[in-house]
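A.B. asks: Following this message is one structure expressed as structure tokens.
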Amino acid sequence: MAQKLIQGVKGMHDILPEDAERWELFEEIVRGWLRDYGYRPIRTPILEFTPLFVRSVGEHTDIVEREMYAFEDRLNGDPLVLRPEGTAPCVRAVLEHNLINAAGPQRLYYNGPMFRHERPQKGRLRQFHQFGVEAFGYAGPDIDAEHIVMLSRLWRDLGLEDDIWLEINSLGASEERARHREALIAYLETHIDLLDDDARRRLHSNPLRILDTKNPALQAVVEAAPKLYEFLGVESLAHFEGVQALLREAAVPFKVNHRLVRGLDYYNRTVFEWVTDKLGAQATVCGGGRYDGLVEQLGGKPTPACGFGMGIERLMMLWAEVQADSVRAEPDVYLVHQGEAASRLAFRVAEQLRDHGFAVIYHCGGGNFKNQMKKADASGARVAVIIGDDEAAAEEASFKFMREEGEQRRLPVAQLGETLAALLYNVEEEDGSV
RNA sequence: GCGGCAUUAGCUCAGUCGGUAGAGCACUGGAUUGUGAUUCCAGGUGUCACCGGUUCGAUCCCGGUAUGUCGCCCCA
């Protein structure tokens with residue numbers, strides 16, 4: 001296939017400054033929120049060996065069967081893959097470095113790009129970004145509830161609480177799930193003549209999804225099908241009830257959706273999704289749950305675990321609506337200058353002002369004063385500091401407030417920093433004047 | 001991976017029943033050459049996504065490709 005030189009890869013988007021600034025603000029908020037709950041960062045490589053995901057996510061999931069960027073390293077034949085999700089790499093790193101044995105239970109988070117070769121749409125990209133949280137070594141329902149409650153707080157902090165709601169379910173223990181699956185398949189096979197093509201295709205790959213069909217002709221069959229929750233044992237039910245009790249304690253509203261399943265095989269017991277109706281078909285902005293079997297499955301000691309991932313692109317689209325203002329960081333000072341001696345002085349003055357803590361843009365590229373003042377205005381700077389031949393000859397600088405009334409003033413450059421600090425931040429000078 | 005729709009100036013979009021194109025914003029220059037966001041004047045704004053076909057002639061019709069977008073599938 002012929003590629004154009006100047007063309008990004010399909011489904012992989014550049015995040016331009018306007019958006020990237022918003023992303024960084026979002027990331028700062030999220031990191032602060034994670035720290036408040038005692039979560040620590042972990043960073044893992046984007047490449048992993050392919051079998052890691054085949055074993056964890058599941059051989060017969062869509063992710064593994066048709067969406068992984070898997071390839072052979074041309075140099076040594078290693079089977080590599082661009083990670084399609086963050087949980088398995090996190091478990092791998094925790095096991096490889098013995099974090100749990102060394103330091104006990106772990107509360108961790110990560111942030112970064114994930115890769116799935118899907119058909120792109122708005123809010124569904126081939127390279128997308130997630131914040132993920134994983135907790136290892138906690139068996140009780142309190143950690144499940146903690147994850148959900150902390151997310152509820154994040155939505156409030158972001159102003160998204162009206163756009164997102166919570167659905168939860170319990171998948172039970174893996175044996176319980178397996179028995180239900182068997183019963184469900186057996187039931188559906190007795191009604192095979194009633195199923196549509198889609199349902200037949202999913203009968204052995206993902207029978208739970210059939211229960212979610214939109215085909216009205218199947219409603220009666222689906223309604224009478226064996227229910228997963230009828231297969232849950234005492235412990236699973238108690239755990240699920242425990243999670244719900246804590247959610248009620250924290251006054252977090254939720255909806256139990258018995259048809260909620262997740263596309264990754266490793267989940268058990270609690271699963272949850274935060275969904276919105278504002279992003280079309282891409283309704284899920286955050287999903288997660290418990291995966292008590294995964295650590296052992298990947299070769300570790302049996303370790304209870306629970307976590308979630310949130311899609312940054314999807315959340316950013318929601319957040320941009322409630323956060324319409326630009327989040328651009330504006331400089332304090334734009335330094336306008338013309339003439340050789342003046343430019344040299346201005347270069348020094350810029351550094352001098354930065355010593356005082358100011359954000360300073362030194363004009364580059366020449367141009368007349370009119371042109372430079374336009375740039376100063378466009379930059380959003382509060383103050384233009386102007387140095388021409390006259391100022392340079394006297395070791396002085398002029399300054400002018402761009403956003404408020406006031407005459408342009410002129411001072412020796414040695415006094416500029418303190419004077420501007422006083423004017424911009426109302427800092428009193430040593431003699432008490434402002 | 002399947003089906004539908006879209007692609008025109010830097011941005012948001014008009015338009016040509018087939019005769020090589022516009023608006024607003026932005027940008028550049030000017031209104032006593034050392035002063036911005038207002039006002040006035042002037043001006044580039046463009047392979048009309050790409051490749052091919054039909055035609056005297058295609059931005060427009062047809063086919064393919066690329067990308068985006070909507071739905072399905074699936075998921076964050």
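Every chain in the structure tokens has a letter given in the order shown (A, B, ...), and although residue numbers restart at 1 in each chain, ligands are simply numbered from 1 in the order shown.
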Can you tell me, as a list in words, what residues are no more than 12 Å from G34 (chain B) when counting only C-alpha atoms (C1' of nucleotides), ignoring any on the same chain fewer than 6 positions away?

C.D. replies: Val336, His337, Gln338, Gly339, Asn368, Phe369, Lys370, Asn371, Gln372, Met373, Ile386, Ile387, Gly388, Asp389, Asp390, Glu391 and Ser398 of chain A

A.B. asks: Selection from above, all heavy atoms, as a compact mmCIF listing (two decimals), in the first residue's frame, can you write it?

C.D. replies:
```txt
# COMPACT_ATOMS: atom_id res chain seq x y z
N VAL A 336 9.26 43.08 23.80
CA VAL A 336 9.33 43.70 22.48
C VAL A 336 10.62 44.50 22.39
O VAL A 336 10.96 45.23 23.32
CB VAL A 336 8.10 44.62 22.30
CG1 VAL A 336 8.26 45.49 21.07
CG2 VAL A 336 6.83 43.79 22.24
N HIS A 337 11.33 44.36 21.27
CA HIS A 337 12.61 45.06 21.17
C HIS A 337 12.96 45.29 19.71
O HIS A 337 12.53 44.55 18.82
CB HIS A 337 13.71 44.20 21.82
CG HIS A 337 13.75 42.81 21.28
ND1 HIS A 337 14.51 42.46 20.20
CD2 HIS A 337 13.06 41.70 21.66
CE1 HIS A 337 14.32 41.17 19.94
NE2 HIS A 337 13.44 40.69 20.79
N GLN A 338 13.73 46.32 19.45
CA GLN A 338 14.16 46.61 18.08
C GLN A 338 15.50 47.33 18.11
O GLN A 338 15.69 48.26 18.89
CB GLN A 338 13.12 47.47 17.38
CG GLN A 338 13.34 47.53 15.88
CD GLN A 338 12.16 48.16 15.16
OE1 GLN A 338 11.56 49.10 15.67
NE2 GLN A 338 11.83 47.65 14.00
N GLY A 339 16.42 46.90 17.28
CA GLY A 339 17.76 47.47 17.24
C GLY A 339 18.75 46.51 17.89
O GLY A 339 18.39 45.76 18.80
N ASN A 368 8.63 45.17 12.99
CA ASN A 368 8.53 46.49 13.59
C ASN A 368 7.74 46.43 14.90
O ASN A 368 7.20 45.39 15.27
CB ASN A 368 7.92 47.49 12.60
CG ASN A 368 6.57 47.02 12.10
OD1 ASN A 368 5.85 46.31 12.82
ND2 ASN A 368 6.23 47.37 10.88
N PHE A 369 7.66 47.56 15.58
CA PHE A 369 7.00 47.56 16.89
C PHE A 369 5.52 47.21 16.79
O PHE A 369 4.97 46.50 17.63
CB PHE A 369 7.18 48.91 17.57
CG PHE A 369 8.51 49.06 18.25
CD1 PHE A 369 9.55 49.76 17.65
CD2 PHE A 369 8.74 48.47 19.48
CE1 PHE A 369 10.77 49.87 18.26
CE2 PHE A 369 9.98 48.58 20.11
CZ PHE A 369 11.00 49.28 19.49
N LYS A 370 4.91 47.71 15.74
CA LYS A 370 3.48 47.41 15.55
C LYS A 370 3.27 45.89 15.47
O LYS A 370 2.42 45.32 16.13
CB LYS A 370 3.01 48.08 14.26
CG LYS A 370 1.55 47.85 13.90
CD LYS A 370 1.29 48.38 12.49
CE LYS A 370 -0.10 48.04 12.01
NZ LYS A 370 -1.11 48.97 12.51
N ASN A 371 4.09 45.28 14.64
CA ASN A 371 4.01 43.84 14.46
C ASN A 371 4.26 43.11 15.79
O ASN A 371 3.53 42.17 16.15
CB ASN A 371 5.07 43.46 13.42
CG ASN A 371 4.95 42.03 12.99
OD1 ASN A 371 5.03 41.14 13.82
ND2 ASN A 371 4.74 41.82 11.71
N GLN A 372 5.27 43.56 16.49
CA GLN A 372 5.61 42.89 17.75
C GLN A 372 4.53 43.08 18.82
O GLN A 372 4.25 42.19 19.61
CB GLN A 372 6.97 43.39 18.27
CG GLN A 372 8.13 43.03 17.34
CD GLN A 372 9.48 43.29 17.98
OE1 GLN A 372 9.65 43.11 19.19
NE2 GLN A 372 10.44 43.72 17.19
N MET A 373 3.93 44.27 18.81
CA MET A 373 2.86 44.51 19.78
C MET A 373 1.65 43.63 19.49
O MET A 373 0.96 43.17 20.40
CB MET A 373 2.45 45.99 19.76
CG MET A 373 3.48 46.93 20.36
SD MET A 373 3.88 46.57 22.08
CE MET A 373 2.44 47.23 22.92
N ILE A 386 9.04 46.94 26.59
CA ILE A 386 9.49 47.46 25.30
C ILE A 386 10.87 48.10 25.44
O ILE A 386 11.08 48.95 26.30
CB ILE A 386 8.49 48.51 24.78
CG1 ILE A 386 7.10 47.88 24.67
CG2 ILE A 386 8.96 49.07 23.45
CD1 ILE A 386 5.97 48.83 24.94
N ILE A 387 11.79 47.62 24.61
CA ILE A 387 13.14 48.18 24.64
C ILE A 387 13.56 48.53 23.22
O ILE A 387 13.64 47.66 22.35
CB ILE A 387 14.14 47.18 25.26
CG1 ILE A 387 13.73 46.85 26.69
CG2 ILE A 387 15.55 47.77 25.23
CD1 ILE A 387 14.61 45.83 27.37
N GLY A 388 13.75 49.84 23.00
CA GLY A 388 14.25 50.31 21.71
C GLY A 388 15.60 50.97 21.90
O GLY A 388 16.21 50.86 22.97
N ASP A 389 16.05 51.67 20.88
CA ASP A 389 17.36 52.32 20.96
C ASP A 389 17.43 53.30 22.13
O ASP A 389 18.43 53.37 22.83
CB ASP A 389 17.66 53.04 19.65
CG ASP A 389 17.85 52.05 18.50
OD1 ASP A 389 18.23 50.89 18.80
OD2 ASP A 389 17.60 52.42 17.36
N ASP A 390 16.34 54.07 22.32
CA ASP A 390 16.35 55.07 23.38
C ASP A 390 16.56 54.42 24.74
O ASP A 390 17.41 54.83 25.53
CB ASP A 390 15.02 55.84 23.40
CG ASP A 390 14.81 56.62 22.12
OD1 ASP A 390 15.77 56.69 21.32
OD2 ASP A 390 13.70 57.12 21.91
N GLU A 391 15.76 53.37 25.00
CA GLU A 391 15.87 52.68 26.29
C GLU A 391 17.26 52.06 26.44
O GLU A 391 17.87 52.13 27.51
CB GLU A 391 14.81 51.59 26.42
CG GLU A 391 13.41 52.10 26.68
CD GLU A 391 12.63 52.34 25.39
OE1 GLU A 391 13.27 52.38 24.31
OE2 GLU A 391 11.41 52.52 25.47
N SER A 398 10.77 50.24 28.88
CA SER A 398 9.40 50.71 29.03
C SER A 398 8.49 49.51 29.25
O SER A 398 8.79 48.41 28.79
CB SER A 398 8.95 51.45 27.78
OG SER A 398 9.79 52.56 27.56
```

A.B. asks: Quick one: which chain B residues come within 6 Å of chain A, and what is the nearest atom pair for each with the distance in Å to one decimal, counting only C-alpha atoms (C1' of nucleotides), rows ordered by chain and ascending number, as CSV?

C.D. replies:
```
residue,atom,partner,partner_atom,distance
B:U35,C1',A:Lys370,CA,5.7
B:G36,C1',A:Lys374,CA,4.6
B:A76,C1',A:Gly311,CA,4.0
```

A.B. asks: With N, CA, C and O atoms (P, O5', C5', C4', C3', O3' and C1' of nucleotides) retained, export the selected residues as a PDB file, in the first residue's frame.

C.D. replies:
```pdb
ATOM      1  P     U B  35       4.367  53.782  16.495  1.00  0.00           P
ATOM      2  O5'   U B  35       3.465  52.667  17.160  1.00  0.00           O
ATOM      3  C5'   U B  35       3.661  51.282  16.826  1.00  0.00           C
ATOM      4  C4'   U B  35       2.930  50.436  17.837  1.00  0.00           C
ATOM      5  C3'   U B  35       1.656  51.070  18.370  1.00  0.00           C
ATOM      6  O3'   U B  35       0.697  50.060  18.613  1.00  0.00           O
ATOM      7  C1'   U B  35       3.150  50.676  20.147  1.00  0.00           C
ATOM      8  P     G B  36      -0.644  50.029  17.676  1.00  0.00           P
ATOM      9  O5'   G B  36      -1.232  48.586  17.997  1.00  0.00           O
ATOM     10  C5'   G B  36      -0.592  47.429  17.458  1.00  0.00           C
ATOM     11  C4'   G B  36      -1.066  46.195  18.183  1.00  0.00           C
ATOM     12  C3'   G B  36      -2.582  46.093  18.315  1.00  0.00           C
ATOM     13  O3'   G B  36      -3.141  45.499  17.172  1.00  0.00           O
ATOM     14  C1'   G B  36      -1.569  45.715  20.415  1.00  0.00           C
ATOM     15  P     A B  76     -12.837  -2.111  28.339  1.00  0.00           P
ATOM     16  O5'   A B  76     -12.531  -0.565  28.130  1.00  0.00           O
ATOM     17  C5'   A B  76     -11.962   0.174  29.175  1.00  0.00           C
ATOM     18  C4'   A B  76     -12.249   1.640  28.929  1.00  0.00           C
ATOM     19  C3'   A B  76     -13.639   1.866  28.384  1.00  0.00           C
ATOM     20  O3'   A B  76     -14.494   2.145  29.451  1.00  0.00           O
ATOM     21  C1'   A B  76     -12.014   2.970  27.035  1.00  0.00           C
TER      22        A B  76
END
```

A.B. asks: Tell me which protein, DNA and RNA residues are within 10 Å of region 40-45 of chain B, counting only C-alpha atoms (C1' of nucleotides), leaving out same-chain ones fewer than 5 positions away, and put them as an mmCIF file with N, CA, C and O atoms (P, O5', C5', C4', C3', O3' and C1' of nucleotides), in the first residue's frame.

C.D. replies:
```
data_model
loop_
_atom_site.group_PDB
_atom_site.id
_atom_site.type_symbol
_atom_site.label_atom_id
_atom_site.label_comp_id
_atom_site.auth_asym_id
_atom_site.auth_seq_id
_atom_site.Cartn_x
_atom_site.Cartn_y
_atom_site.Cartn_z
ATOM 1 P P A B 9 -10.189 24.106 1.774
ATOM 2 O "O5'" A B 9 -9.734 25.565 1.320
ATOM 3 C "C5'" A B 9 -8.531 25.736 0.585
ATOM 4 C "C4'" A B 9 -7.813 26.988 1.051
ATOM 5 C "C3'" A B 9 -7.707 27.118 2.569
ATOM 6 O "O3'" A B 9 -6.454 27.685 2.897
ATOM 7 C "C1'" A B 9 -8.840 28.992 1.687
ATOM 8 P P G B 10 -5.219 26.795 3.199
ATOM 9 O "O5'" G B 10 -5.402 26.474 4.744
ATOM 10 C "C5'" G B 10 -4.377 25.817 5.483
ATOM 11 C "C4'" G B 10 -4.517 26.172 6.941
ATOM 12 C "C3'" G B 10 -5.940 26.047 7.483
ATOM 13 O "O3'" G B 10 -6.175 24.755 7.995
ATOM 14 C "C1'" G B 10 -5.104 28.210 7.957
ATOM 15 P P C B 27 -4.774 37.395 13.102
ATOM 16 O "O5'" C B 27 -3.990 37.085 11.741
ATOM 17 C "C5'" C B 27 -3.103 35.983 11.651
ATOM 18 C "C4'" C B 27 -2.569 35.856 10.246
ATOM 19 C "C3'" C B 27 -1.881 37.097 9.699
ATOM 20 O "O3'" C B 27 -0.534 37.180 10.143
ATOM 21 C "C1'" C B 27 -3.386 36.272 8.084
ATOM 22 P P U B 28 0.094 38.614 10.500
ATOM 23 O "O5'" U B 28 0.371 39.245 9.063
ATOM 24 C "C5'" U B 28 1.332 38.642 8.207
ATOM 25 C "C4'" U B 28 1.352 39.348 6.878
ATOM 26 C "C3'" U B 28 1.434 40.866 6.937
ATOM 27 O "O3'" U B 28 2.758 41.328 7.154
ATOM 28 C "C1'" U B 28 -0.237 40.242 5.401
ATOM 29 P P G B 29 2.975 42.724 7.942
ATOM 30 O "O5'" G B 29 2.564 43.812 6.853
ATOM 31 C "C5'" G B 29 3.367 43.996 5.699
ATOM 32 C "C4'" G B 29 2.707 44.951 4.732
ATOM 33 C "C3'" G B 29 2.322 46.308 5.309
ATOM 34 O "O3'" G B 29 3.413 47.199 5.400
ATOM 35 C "C1'" G B 29 0.518 45.461 4.039
ATOM 36 P P G B 30 3.375 48.384 6.511
ATOM 37 O "O5'" G B 30 2.235 49.371 5.997
ATOM 38 C "C5'" G B 30 2.473 50.189 4.856
ATOM 39 C "C4'" G B 30 1.215 50.902 4.430
ATOM 40 C "C3'" G B 30 0.634 51.894 5.429
ATOM 41 O "O3'" G B 30 1.323 53.138 5.429
ATOM 42 C "C1'" G B 30 -1.103 50.573 4.544
ATOM 43 P P A B 31 1.310 54.064 6.725
ATOM 44 O "O5'" A B 31 -0.216 54.543 6.805
ATOM 45 C "C5'" A B 31 -0.699 55.520 5.895
ATOM 46 C "C4'" A B 31 -1.991 56.122 6.379
ATOM 47 C "C3'" A B 31 -2.038 56.442 7.881
ATOM 48 O "O3'" A B 31 -1.409 57.665 8.192
ATOM 49 C "C1'" A B 31 -3.986 55.284 7.277
#
```

A.B. asks: Could you jot down the CA of Arg156 (chain A) to CA of Arg40 (chain A) separation for me, Å, one decimal place?

C.D. replies: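 Between CA of Arg156 (chain A) and CA of Arg40 (chain A) the gap is 21.8 Å.
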
A.B. asks: Have a look at CA of His60 (chain A) and CA of Asp196 (chain A) and let me know their distance in Å, one decimal.

C.D. replies: 21.0 Å
